$ cat run_6.pdb   # PDB, C-alpha atoms
MODEL        1
ATOM      1  CA  MET R   1      94.695 101.801 112.657  1.00  0.00           C
ATOM      2  CA  ASN R   2      95.328 100.797 109.022  1.00  0.00           C
ATOM      3  CA  ALA R   3      92.937 100.586 106.110  1.00  0.00           C
ATOM      4  CA  LYS R   4      91.376  97.191 105.534  1.00  0.00           C
ATOM      5  CA  ARG R   5      92.731  95.515 102.377  1.00  0.00           C
ATOM      6  CA  MET R   6      90.897  92.985 100.199  1.00  0.00           C
ATOM      7  CA  ILE R   7      91.876  91.452  96.855  1.00  0.00           C
ATOM      8  CA  LEU R   8      89.162  90.783  94.288  1.00  0.00           C
ATOM      9  CA  THR R   9      89.194  87.167  93.104  1.00  0.00           C
ATOM     10  CA  ASN R  10      86.228  87.220  90.688  1.00  0.00           C
ATOM     11  CA  ILE R  11      83.319  89.387  89.561  1.00  0.00           C
ATOM     12  CA  ALA R  12      80.871  87.637  91.867  1.00  0.00           C
ATOM     13  CA  MET R  13      82.930  88.953  94.785  1.00  0.00           C
ATOM     14  CA  LEU R  14      82.190  92.522  93.648  1.00  0.00           C
ATOM     15  CA  HIS R  15      78.501  92.046  94.341  1.00  0.00           C
ATOM     16  CA  LEU R  16      79.193  90.508  97.733  1.00  0.00           C
ATOM     17  CA  VAL R  17      81.459  93.383  98.771  1.00  0.00           C
ATOM     18  CA  PHE R  18      79.183  96.154  97.533  1.00  0.00           C
ATOM     19  CA  ARG R  19      76.138  94.531  99.114  1.00  0.00           C
ATOM     20  CA  GLY R  20      77.754  95.214 102.471  1.00  0.00           C
ATOM     21  CA  TYR R  21      78.445  98.907 101.834  1.00  0.00           C
ATOM     22  CA  ARG R  22      75.759 101.421 100.889  1.00  0.00           C
ATOM     23  CA  SER R  23      75.929 105.090 100.012  1.00  0.00           C
ATOM     24  CA  HIS R  24      72.678 106.281 101.663  1.00  0.00           C
ATOM     25  CA  ASP R  25      72.711 109.291  99.305  1.00  0.00           C
ATOM     26  CA  GLY R  26      76.325 110.051 100.172  1.00  0.00           C
ATOM     27  CA  PHE R  27      76.052 109.883 103.937  1.00  0.00           C
ATOM     28  CA  GLY R  28      77.225 106.276 104.218  1.00  0.00           C
ATOM     29  CA  SER R  29      79.969 104.694 102.111  1.00  0.00           C
ATOM     30  CA  ILE R  30      81.466 106.550  99.167  1.00  0.00           C
ATOM     31  CA  PHE R  31      83.554 104.998  96.407  1.00  0.00           C
ATOM     32  CA  ARG R  32      86.582 105.960  94.352  1.00  0.00           C
ATOM     33  CA  GLY R  33      88.393 103.995  91.658  1.00  0.00           C
ATOM     34  CA  GLN R  34      92.031 104.490  90.656  1.00  0.00           C
ATOM     35  CA  ALA R  35      93.631 102.679  87.737  1.00  0.00           C
ATOM     36  CA  ASP R  36      96.924 102.113  89.562  1.00  0.00           C
ATOM     37  CA  ALA R  37      96.743 100.753  93.097  1.00  0.00           C
ATOM     38  CA  THR R  38     100.084 102.367  93.976  1.00  0.00           C
ATOM     39  CA  TRP R  39      98.821 105.936  93.482  1.00  0.00           C
ATOM     40  CA  ASP R  40      98.254 107.966  96.632  1.00  0.00           C
ATOM     41  CA  LEU R  41      94.727 108.720  97.771  1.00  0.00           C
ATOM     42  CA  LEU R  42      95.146 112.470  97.379  1.00  0.00           C
ATOM     43  CA  PRO R  43      93.574 115.213  95.274  1.00  0.00           C
ATOM     44  CA  LYS R  44      95.578 116.302  92.267  1.00  0.00           C
ATOM     45  CA  GLY R  45      96.432 119.584  93.970  1.00  0.00           C
ATOM     46  CA  GLY R  46      97.986 117.664  96.851  1.00  0.00           C
ATOM     47  CA  ARG R  47     100.336 115.528  94.776  1.00  0.00           C
ATOM     48  CA  LYS R  48     103.984 116.548  94.788  1.00  0.00           C
ATOM     49  CA  GLU R  49     104.089 117.696  91.166  1.00  0.00           C
ATOM     50  CA  PHE R  50     101.186 120.138  91.712  1.00  0.00           C
ATOM     51  CA  TYR R  51     101.320 120.901  95.419  1.00  0.00           C
ATOM     52  CA  LEU R  52     101.575 124.568  96.385  1.00  0.00           C
ATOM     53  CA  PRO R  53     102.132 125.123 100.121  1.00  0.00           C
ATOM     54  CA  GLU R  54     100.537 127.882 102.186  1.00  0.00           C
ATOM     55  CA  ASN R  55      97.179 127.447 100.408  1.00  0.00           C
ATOM     56  CA  ARG R  56      98.453 128.931  97.175  1.00  0.00           C
ATOM     57  CA  ASP R  57      96.303 126.436  95.242  1.00  0.00           C
ATOM     58  CA  LEU R  58      93.311 128.561  96.250  1.00  0.00           C
ATOM     59  CA  GLY R  59      94.879 131.578  94.590  1.00  0.00           C
ATOM     60  CA  ARG R  60      95.288 129.514  91.432  1.00  0.00           C
ATOM     61  CA  ALA R  61      91.621 128.592  91.620  1.00  0.00           C
ATOM     62  CA  ARG R  62      90.597 132.242  91.808  1.00  0.00           C
ATOM     63  CA  SER R  63      92.803 133.020  88.794  1.00  0.00           C
ATOM     64  CA  TRP R  64      91.139 130.173  86.903  1.00  0.00           C
ATOM     65  CA  ALA R  65      87.668 131.516  87.689  1.00  0.00           C
ATOM     66  CA  LYS R  66      88.543 135.024  86.469  1.00  0.00           C
ATOM     67  CA  LYS R  67      89.563 133.599  83.091  1.00  0.00           C
ATOM     68  CA  ALA R  68      86.916 130.857  82.893  1.00  0.00           C
ATOM     69  CA  VAL R  69      84.050 133.362  82.638  1.00  0.00           C
ATOM     70  CA  ALA R  70      85.202 134.021  79.082  1.00  0.00           C
ATOM     71  CA  TYR R  71      84.144 130.495  78.163  1.00  0.00           C
ATOM     72  CA  SER R  72      81.190 129.771  80.418  1.00  0.00           C
ATOM     73  CA  SER R  73      78.988 131.328  83.065  1.00  0.00           C
ATOM     74  CA  LEU R  74      79.991 130.312  86.592  1.00  0.00           C
ATOM     75  CA  PRO R  75      77.935 130.032  89.776  1.00  0.00           C
ATOM     76  CA  SER R  76      78.509 132.642  92.465  1.00  0.00           C
ATOM     77  CA  SER R  77      79.642 130.009  94.983  1.00  0.00           C
ATOM     78  CA  GLU R  78      83.431 129.712  95.062  1.00  0.00           C
ATOM     79  CA  LEU R  79      83.190 126.081  96.158  1.00  0.00           C
ATOM     80  CA  GLU R  80      80.957 125.272  93.191  1.00  0.00           C
ATOM     81  CA  GLN R  81      83.437 127.058  90.947  1.00  0.00           C
ATOM     82  CA  LEU R  82      86.184 124.863  92.413  1.00  0.00           C
ATOM     83  CA  ALA R  83      84.139 121.740  91.652  1.00  0.00           C
ATOM     84  CA  ILE R  84      83.651 122.831  88.040  1.00  0.00           C
ATOM     85  CA  ALA R  85      87.370 123.567  87.719  1.00  0.00           C
ATOM     86  CA  GLN R  86      88.091 120.094  89.109  1.00  0.00           C
ATOM     87  CA  HIS R  87      85.921 118.427  86.471  1.00  0.00           C
ATOM     88  CA  HIS R  88      87.713 120.374  83.752  1.00  0.00           C
ATOM     89  CA  GLY R  89      91.106 119.109  84.881  1.00  0.00           C
ATOM     90  CA  LEU R  90      92.437 121.839  87.159  1.00  0.00           C
ATOM     91  CA  ALA R  91      94.615 120.578  90.003  1.00  0.00           C
ATOM     92  CA  THR R  92      92.504 121.380  93.079  1.00  0.00           C
ATOM     93  CA  ARG R  93      92.107 120.200  96.677  1.00  0.00           C
ATOM     94  CA  LEU R  94      88.905 118.346  95.773  1.00  0.00           C
ATOM     95  CA  LEU R  95      88.956 114.566  95.390  1.00  0.00           C
ATOM     96  CA  ASP R  96      86.256 112.914  93.295  1.00  0.00           C
ATOM     97  CA  TRP R  97      84.108 110.130  94.740  1.00  0.00           C
ATOM     98  CA  SER R  98      80.869 108.470  93.685  1.00  0.00           C
ATOM     99  CA  MET R  99      77.778 107.163  95.422  1.00  0.00           C
ATOM    100  CA  ASN R 100      77.766 104.323  92.862  1.00  0.00           C
ATOM    101  CA  PRO R 101      80.406 101.600  93.408  1.00  0.00           C
ATOM    102  CA  LEU R 102      80.135 100.511  89.764  1.00  0.00           C
ATOM    103  CA  VAL R 103      81.265 103.960  88.656  1.00  0.00           C
ATOM    104  CA  ALA R 104      84.326 103.564  90.886  1.00  0.00           C
ATOM    105  CA  CYS R 105      84.976 100.154  89.307  1.00  0.00           C
ATOM    106  CA  PHE R 106      84.952 101.741  85.865  1.00  0.00           C
ATOM    107  CA  PHE R 107      87.625 104.263  86.810  1.00  0.00           C
ATOM    108  CA  ALA R 108      89.698 101.512  88.435  1.00  0.00           C
ATOM    109  CA  CYS R 109      89.657  99.457  85.237  1.00  0.00           C
ATOM    110  CA  HIS R 110      89.439 101.677  82.142  1.00  0.00           C
ATOM    111  CA  GLU R 111      93.165 102.560  82.065  1.00  0.00           C
ATOM    112  CA  LYS R 112      96.505 100.941  82.901  1.00  0.00           C
ATOM    113  CA  ASN R 113      95.406  97.438  81.883  1.00  0.00           C
ATOM    114  CA  ASN R 114      98.797  96.078  82.955  1.00  0.00           C
ATOM    115  CA  LYS R 115      98.503  97.499  86.487  1.00  0.00           C
ATOM    116  CA  ASP R 116      96.372  96.434  89.424  1.00  0.00           C
ATOM    117  CA  GLY R 117      93.622  98.952  90.078  1.00  0.00           C
ATOM    118  CA  ILE R 118      91.893  99.826  93.331  1.00  0.00           C
ATOM    119  CA  VAL R 119      88.454 100.785  94.588  1.00  0.00           C
ATOM    120  CA  TYR R 120      88.439 102.747  97.836  1.00  0.00           C
ATOM    121  CA  ILE R 121      85.395 102.388 100.055  1.00  0.00           C
ATOM    122  CA  CYS R 122      85.320 105.199 102.580  1.00  0.00           C
ATOM    123  CA  GLU R 123      82.870 106.503 105.128  1.00  0.00           C
ATOM    124  CA  MET R 124      81.766 110.028 104.346  1.00  0.00           C
ATOM    125  CA  PRO R 125      83.562 112.441 106.695  1.00  0.00           C
ATOM    126  CA  ASN R 126      81.465 113.546 109.633  1.00  0.00           C
ATOM    127  CA  GLU R 127      82.176 117.199 108.889  1.00  0.00           C
ATOM    128  CA  ILE R 128      80.435 118.513 105.777  1.00  0.00           C
ATOM    129  CA  VAL R 129      80.905 121.778 103.873  1.00  0.00           C
ATOM    130  CA  THR R 130      78.254 123.344 101.668  1.00  0.00           C
ATOM    131  CA  GLU R 131      78.372 125.620  98.653  1.00  0.00           C
ATOM    132  CA  GLU R 132      78.206 128.564 101.043  1.00  0.00           C
ATOM    133  CA  ALA R 133      81.827 127.928 102.067  1.00  0.00           C
ATOM    134  CA  ASN R 134      84.211 130.281 100.259  1.00  0.00           C
ATOM    135  CA  LEU R 135      87.905 129.854  99.582  1.00  0.00           C
ATOM    136  CA  ASN R 136      88.838 131.962 102.598  1.00  0.00           C
ATOM    137  CA  ALA R 137      86.980 129.502 104.829  1.00  0.00           C
ATOM    138  CA  LEU R 138      88.877 126.603 103.250  1.00  0.00           C
ATOM    139  CA  LYS R 139      92.142 128.453 103.830  1.00  0.00           C
ATOM    140  CA  GLU R 140      91.401 128.726 107.522  1.00  0.00           C
ATOM    141  CA  SER R 141      90.239 125.116 107.901  1.00  0.00           C
ATOM    142  CA  GLY R 142      92.217 121.999 108.707  1.00  0.00           C
ATOM    143  CA  GLY R 143      91.128 118.444 107.952  1.00  0.00           C
ATOM    144  CA  VAL R 144      89.187 116.530 105.326  1.00  0.00           C
ATOM    145  CA  PHE R 145      85.547 117.417 104.751  1.00  0.00           C
ATOM    146  CA  GLY R 146      82.695 115.981 102.748  1.00  0.00           C
ATOM    147  CA  TYR R 147      80.970 117.985 100.020  1.00  0.00           C
ATOM    148  CA  LEU R 148      77.778 116.926  98.264  1.00  0.00           C
ATOM    149  CA  PRO R 149      77.446 119.327  95.332  1.00  0.00           C
ATOM    150  CA  LYS R 150      74.341 120.340  93.485  1.00  0.00           C
ATOM    151  CA  SER R 151      74.129 119.007  89.921  1.00  0.00           C
ATOM    152  CA  ILE R 152      76.574 121.642  88.735  1.00  0.00           C
ATOM    153  CA  SER R 153      77.478 119.704  85.577  1.00  0.00           C
ATOM    154  CA  PRO R 154      76.135 116.737  83.590  1.00  0.00           C
ATOM    155  CA  ARG R 155      79.191 114.720  84.632  1.00  0.00           C
ATOM    156  CA  VAL R 156      78.527 115.171  88.350  1.00  0.00           C
ATOM    157  CA  LEU R 157      74.949 114.021  87.795  1.00  0.00           C
ATOM    158  CA  ALA R 158      75.856 111.046  85.576  1.00  0.00           C
ATOM    159  CA  GLN R 159      78.632 109.852  87.879  1.00  0.00           C
ATOM    160  CA  LYS R 160      76.605 110.408  91.070  1.00  0.00           C
ATOM    161  CA  GLY R 161      79.575 112.484  92.065  1.00  0.00           C
ATOM    162  CA  LEU R 162      80.599 114.046  95.340  1.00  0.00           C
ATOM    163  CA  PHE R 163      83.883 115.180  96.849  1.00  0.00           C
ATOM    164  CA  THR R 164      86.185 115.204  99.786  1.00  0.00           C
ATOM    165  CA  VAL R 165      87.764 118.600 100.390  1.00  0.00           C
ATOM    166  CA  HIS R 166      91.329 118.423 101.714  1.00  0.00           C
ATOM    167  CA  CYS R 167      92.625 121.345 103.797  1.00  0.00           C
ATOM    168  CA  ASP R 168      95.379 121.813 102.980  1.00  0.00           C
ATOM    169  CA  ALA R 169      95.579 120.025  99.619  1.00  0.00           C
ATOM    170  CA  SER R 170      98.131 117.470 100.861  1.00  0.00           C
ATOM    171  CA  ARG R 171      96.046 116.413 103.887  1.00  0.00           C
ATOM    172  CA  LYS R 172      95.309 112.684 103.825  1.00  0.00           C
ATOM    173  CA  ILE R 173      92.134 111.027 105.035  1.00  0.00           C
ATOM    174  CA  GLU R 174      92.549 109.991 108.652  1.00  0.00           C
ATOM    175  CA  ILE R 175      92.096 106.259 109.124  1.00  0.00           C
ATOM    176  CA  LYS R 176      90.139 105.538 112.270  1.00  0.00           C
ATOM    177  CA  GLU R 177      87.480 103.199 113.586  1.00  0.00           C
ATOM    178  CA  SER R 178      84.259 103.009 111.624  1.00  0.00           C
ATOM    179  CA  ASN R 179      81.308 105.040 112.823  1.00  0.00           C
ATOM    180  CA  LEU R 180      79.557 101.688 113.193  1.00  0.00           C
ATOM    181  CA  LYS R 181      81.921 100.875 116.092  1.00  0.00           C
ATOM    182  CA  ASN R 182      82.429  97.342 114.777  1.00  0.00           C
ATOM    183  CA  GLY R 183      86.214  97.271 114.987  1.00  0.00           C
ATOM    184  CA  ASN R 184      86.655  97.932 111.253  1.00  0.00           C
ATOM    185  CA  PRO R 185      88.369 101.026 109.853  1.00  0.00           C
ATOM    186  CA  ASN R 186      86.596 103.797 107.969  1.00  0.00           C
ATOM    187  CA  LEU R 187      88.620 103.055 104.801  1.00  0.00           C
ATOM    188  CA  ILE R 188      88.741  99.834 102.772  1.00  0.00           C
ATOM    189  CA  LYS R 189      91.022  99.092  99.830  1.00  0.00           C
ATOM    190  CA  LEU R 190      89.627  96.659  97.248  1.00  0.00           C
ATOM    191  CA  ILE R 191      92.466  95.651  94.917  1.00  0.00           C
ATOM    192  CA  ILE R 192      91.411  94.900  91.318  1.00  0.00           C
ATOM    193  CA  PRO R 193      93.983  92.558  89.711  1.00  0.00           C
ATOM    194  CA  ALA R 194      95.040  93.647  86.231  1.00  0.00           C
ATOM    195  CA  LYS R 195      93.922  90.306  84.777  1.00  0.00           C
ATOM    196  CA  LEU R 196      90.308  91.032  85.783  1.00  0.00           C
ATOM    197  CA  LYS R 197      90.063  94.556  84.394  1.00  0.00           C
ATOM    198  CA  HIS R 198      88.866  93.638  80.899  1.00  0.00           C
ATOM    199  CA  GLU R 199      86.231  91.230  82.205  1.00  0.00           C
ATOM    200  CA  ILE R 200      84.938  93.839  84.640  1.00  0.00           C
ATOM    201  CA  LEU R 201      84.678  96.493  81.907  1.00  0.00           C
ATOM    202  CA  VAL R 202      82.639  94.130  79.741  1.00  0.00           C
ATOM    203  CA  HIS R 203      80.422  93.411  82.732  1.00  0.00           C
ATOM    204  CA  LEU R 204      79.988  97.127  83.458  1.00  0.00           C
ATOM    205  CA  ASP R 205      79.156  97.774  79.812  1.00  0.00           C
ATOM    206  CA  ASP R 206      76.286  95.278  80.145  1.00  0.00           C
ATOM    207  CA  TYR R 207      75.077  97.360  83.108  1.00  0.00           C
ATOM    208  CA  GLY R 208      75.242 100.588  81.092  1.00  0.00           C
ATOM    209  CA  ILE R 209      78.372 101.927  82.782  1.00  0.00           C
ATOM    210  CA  ASP R 210      80.617 103.276  80.015  1.00  0.00           C
ATOM    211  CA  GLU R 211      82.204 106.502  78.758  1.00  0.00           C
ATOM    212  CA  SER R 212      79.117 107.611  76.836  1.00  0.00           C
ATOM    213  CA  VAL R 213      77.085 107.532  80.051  1.00  0.00           C
ATOM    214  CA  LEU R 214      79.674 108.811  82.537  1.00  0.00           C
ATOM    215  CA  PHE R 215      80.887 111.564  80.188  1.00  0.00           C
ATOM    216  CA  PRO R 216      77.612 112.667  78.580  1.00  0.00           C
ATOM    217  CA  ASP R 217      79.004 114.633  75.661  1.00  0.00           C
ATOM    218  CA  LEU R 218      80.505 113.979  72.238  1.00  0.00           C
ATOM    219  CA  ASP R 219      83.947 113.297  73.717  1.00  0.00           C
ATOM    220  CA  GLY R 220      82.493 110.563  75.924  1.00  0.00           C
ATOM    221  CA  LEU R 221      80.567 109.026  73.052  1.00  0.00           C
ATOM    222  CA  SER R 222      83.639 109.013  70.807  1.00  0.00           C
ATOM    223  CA  SER R 223      85.778 107.452  73.532  1.00  0.00           C
ATOM    224  CA  HIS R 224      83.167 104.759  74.102  1.00  0.00           C
ATOM    225  CA  ILE R 225      83.074 103.851  70.393  1.00  0.00           C
ATOM    226  CA  ASN R 226      86.888 103.770  70.308  1.00  0.00           C
ATOM    227  CA  GLN R 227      86.973 101.384  73.269  1.00  0.00           C
ATOM    228  CA  LYS R 228      84.490  99.061  71.604  1.00  0.00           C
ATOM    229  CA  THR R 229      86.679  99.051  68.495  1.00  0.00           C
ATOM    230  CA  LEU R 230      89.762  98.193  70.549  1.00  0.00           C
ATOM    231  CA  ARG R 231      87.928  95.295  72.193  1.00  0.00           C
ATOM    232  CA  MET R 232      86.814  94.002  68.792  1.00  0.00           C
ATOM    233  CA  ASN R 233      90.469  93.994  67.758  1.00  0.00           C
ATOM    234  CA  ASN R 234      91.531  92.444  71.106  1.00  0.00           C
ATOM    235  CA  VAL R 235      93.784  95.397  71.872  1.00  0.00           C
TER     236      VAL R 235
ENDMDL
END

$ encode --input "run_6.pdb" --output "structure tokens"
Amino acid sequence: MNAKRMILTNIAMLHLVFRGYRSHDGFGSIFRGQADATWDLLPKGGRKEFYLPENRDLGRARSWAKKAVAYSSLPSSELEQLAIAQHHGLATRLLDWSMNPLVACFFACHEKNNKDGIVYICEMPNEIVTEEANLNALKESGGVFGYLPKSISPRVLAQKGLFTVHCDASRKIEIKESNLKNGNPNLIKLIIPAKLKHEILVHLDDYGIDESVLFPDLDGLSSHINQKTLRMNNV
């Protein structure tokens, strides 16, 4: 079975699509936006330039944690540590998703304005891991799991974030029939044409979805002001 593919024709279609798919606090549909529709649906640690076979990415994560304590206190859970590392840019086997489809739209549109973006709509995996899972457990596992983190950072909270955990890091999400048994697949690709990206960002800004909200720190605020300046100058 292949993923279902739709092409966005106008903003009104966004509301129609998202009306049909709900998060149910992360146990229904989850959403991910990518600025280039040709990018693989893989965590950073699973992409060829970062991929380390034989679970060596987990060793890198442990090395990161040993050094990270010099800058910030870390939770005792290794999975929570991995989530924090992910949000600070480390290449991990975690893939970011959101319970809010508008957040996914933002990430599909805020970069690569000459490329078609994509919003993935996926059913949360049936198998879930919790913060009690350590890296050794991930090493011994095979498949793609869901992970609903605690509010371990302001960004996770603001973005209504959650993850899929890929074991190993290069493992792709299996496309199969929806849990609803309606003949549809568990993964939908909503293509966002490049020509609609600017209009969607303006629309999202009206809804309060912007860098200053999704990245609740001074960097996010500065980026938001810069984007508003670029739009004023039609850049």

$ resolve_selection --input "run_6.pdb" --expression "the PyMOL selection byres ((chain R and resi 178) around 12)" --output "JSON, numbers by chain"
{"R": [1, 2, 3, 4, 28, 29, 121, 122, 123, 124, 125, 126, 174, 175, 176, 177, 179, 180, 181, 182, 183, 184, 185, 186, 187, 188]}

$ resolve_selection --input "run_6.pdb" --expression "the PyMOL selection byres ((chain R and resi 6) around 9)" --output "PyMOL selection string"
chain R and resi 4-5+7-8+188-191

$ closest_residue --input "run_6.pdb" --among "R:Pro101, R:Leu79, R:Ser72, R:Arg19" --to "Lys160 (chain R)" --atoms "all atoms listed in the file"
R:Pro101

$ atom_distance --input "run_6.pdb" --atom1 "CA of Ile209 (chain R)" --atom2 "CA of Ile173 (chain R)"
27.7 Å

$ residues_near_point --input "run_6.pdb" --point "(92.2, 102.8, 84.5)" --cutoff "10 Å" --atoms "all atoms listed in the file" --output "short mmCIF file (atom, residue, chain, number, x, y, z; two decimals) with C-alpha atoms, in the coordinates of the input"
data_model
loop_
_atom_site.label_atom_id
_atom_site.label_comp_id
_atom_site.auth_asym_id
_atom_site.auth_seq_id
_atom_site.Cartn_x
_atom_site.Cartn_y
_atom_site.Cartn_z
CA GLY R 33 88.39 104.00 91.66
CA GLN R 34 92.03 104.49 90.66
CA ALA R 35 93.63 102.68 87.74
CA ASP R 36 96.92 102.11 89.56
CA ALA R 37 96.74 100.75 93.10
CA CYS R 105 84.98 100.15 89.31
CA PHE R 106 84.95 101.74 85.86
CA PHE R 107 87.62 104.26 86.81
CA ALA R 108 89.70 101.51 88.44
CA CYS R 109 89.66 99.46 85.24
CA HIS R 110 89.44 101.68 82.14
CA GLU R 111 93.16 102.56 82.06
CA LYS R 112 96.50 100.94 82.90
CA ASN R 113 95.41 97.44 81.88
CA ASN R 114 98.80 96.08 82.96
CA LYS R 115 98.50 97.50 86.49
CA ASP R 116 96.37 96.43 89.42
CA GLY R 117 93.62 98.95 90.08
CA ILE R 118 91.89 99.83 93.33
CA ALA R 194 95.04 93.65 86.23
CA LYS R 197 90.06 94.56 84.39
#

$ closest_atom_pairs --input "run_6.pdb" --of "region 166-232 of chain R" --to "region 83-93 of chain R" --cutoff "10 Å" --atoms "all atoms listed in the file" --output "tab-separated table"
residue	atom	partner	partner_atom	distance
R:His166	CA	R:Arg93	CA	5.4
R:Cys167	CA	R:Arg93	CA	7.2
R:Asp168	CA	R:Arg93	CA	7.3
R:Ala169	CA	R:Arg93	CA	4.6
R:Ser170	CA	R:Arg93	CA	7.8
R:Arg171	CA	R:Arg93	CA	9.0

$ atom_distance --input "run_6.pdb" --atom1 "CA of Glu78 (chain R)" --atom2 "CA of Ser153 (chain R)"
15.0 Å

$ closest_residue --input "run_6.pdb" --among "R:Ile30, R:Ile192, R:Val156, R:Val213" --to "Ile225 (chain R)" --atoms "all atoms listed in the file"
R:Val213

$ atom_distance --input "run_6.pdb" --atom1 "CA of Ala65 (chain R)" --atom2 "CA of Glu132 (chain R)"
16.6 Å

$ residues_around --input "run_6.pdb" --residues "Ala133 (chain R)" --least-positions-apart "3" --cutoff "10 Å" --atoms "all atoms listed in the file" --output "list of chain:residue names"
R:Ser77, R:Glu78, R:Leu79, R:Glu80, R:Val129, R:Thr130, R:Asn136, R:Ala137, R:Leu138

$ residues_around --input "run_6.pdb" --residues "Asn10 (chain R)" --least-positions-apart "3" --cutoff "10 Å" --atoms "all atoms listed in the file" --output "ChimeraX atom specification"
/R:7,13-15,192-193,196,199-200

$ residues_around --input "run_6.pdb" --residues "Ser98 (chain R)" --least-positions-apart "3" --cutoff "7 Å" --atoms "all atoms listed in the file" --output "list in words"
Ile30, Phe31, Arg32, Pro101, Val103, Ala104, Gln159, Lys160, Gly161 and Leu162 of chain R

$ write_last_selection --input "run_6.pdb" --atoms "C-alpha atoms" --output "PDB file, in the coordinates of the input"
ATOM      1  CA  ILE R  30      81.466 106.550  99.167  1.00  0.00           C
ATOM      2  CA  PHE R  31      83.554 104.998  96.407  1.00  0.00           C
ATOM      3  CA  ARG R  32      86.582 105.960  94.352  1.00  0.00           C
ATOM      4  CA  PRO R 101      80.406 101.600  93.408  1.00  0.00           C
ATOM      5  CA  VAL R 103      81.265 103.960  88.656  1.00  0.00           C
ATOM      6  CA  ALA R 104      84.326 103.564  90.886  1.00  0.00           C
ATOM      7  CA  GLN R 159      78.632 109.852  87.879  1.00  0.00           C
ATOM      8  CA  LYS R 160      76.605 110.408  91.070  1.00  0.00           C
ATOM      9  CA  GLY R 161      79.575 112.484  92.065  1.00  0.00           C
ATOM     10  CA  LEU R 162      80.599 114.046  95.340  1.00  0.00           C
TER      11      LEU R 162
END

$ closest_residue --input "run_6.pdb" --among "R:Asn233, R:Gln227, R:Ser222, R:Ser141" --to "Asp205 (chain R)" --atoms "only C-alpha atoms"
R:Gln227

$ closest_residue --input "run_6.pdb" --among "R:Arg22, R:Ile11, R:Leu52, R:Ala158" --to "Leu204 (chain R)" --atoms "all atoms listed in the file"
R:Ile11

$ closest_residue --input "run_6.pdb" --among "R:Tyr120, R:Tyr71, R:Phe27, R:Trp39" --to "Asp96 (chain R)" --atoms "only C-alpha atoms"
R:Tyr120

$ resolve_selection --input "run_6.pdb" --expression "the PyMOL selection byres ((chain R and resi 228) around 12)" --output "compact mmCIF listing (two decimals) with C-alpha atoms, in the coordinates of the input"
# COMPACT_ATOMS: atom_id res chain seq x y z
CA HIS R 110 89.44 101.68 82.14
CA HIS R 198 88.87 93.64 80.90
CA LEU R 201 84.68 96.49 81.91
CA VAL R 202 82.64 94.13 79.74
CA ASP R 205 79.16 97.77 79.81
CA ASP R 210 80.62 103.28 80.02
CA GLU R 211 82.20 106.50 78.76
CA SER R 212 79.12 107.61 76.84
CA LEU R 221 80.57 109.03 73.05
CA SER R 222 83.64 109.01 70.81
CA SER R 223 85.78 107.45 73.53
CA HIS R 224 83.17 104.76 74.10
CA ILE R 225 83.07 103.85 70.39
CA ASN R 226 86.89 103.77 70.31
CA GLN R 227 86.97 101.38 73.27
CA THR R 229 86.68 99.05 68.50
CA LEU R 230 89.76 98.19 70.55
CA ARG R 231 87.93 95.30 72.19
CA MET R 232 86.81 94.00 68.79
CA ASN R 233 90.47 93.99 67.76
CA ASN R 234 91.53 92.44 71.11
CA VAL R 235 93.78 95.40 71.87

$ closest_residue --input "run_6.pdb" --among "R:Ile128, R:Leu95, R:Leu42, R:Leu82" --to "Ser63 (chain R)" --atoms "all atoms listed in the file"
R:Leu82
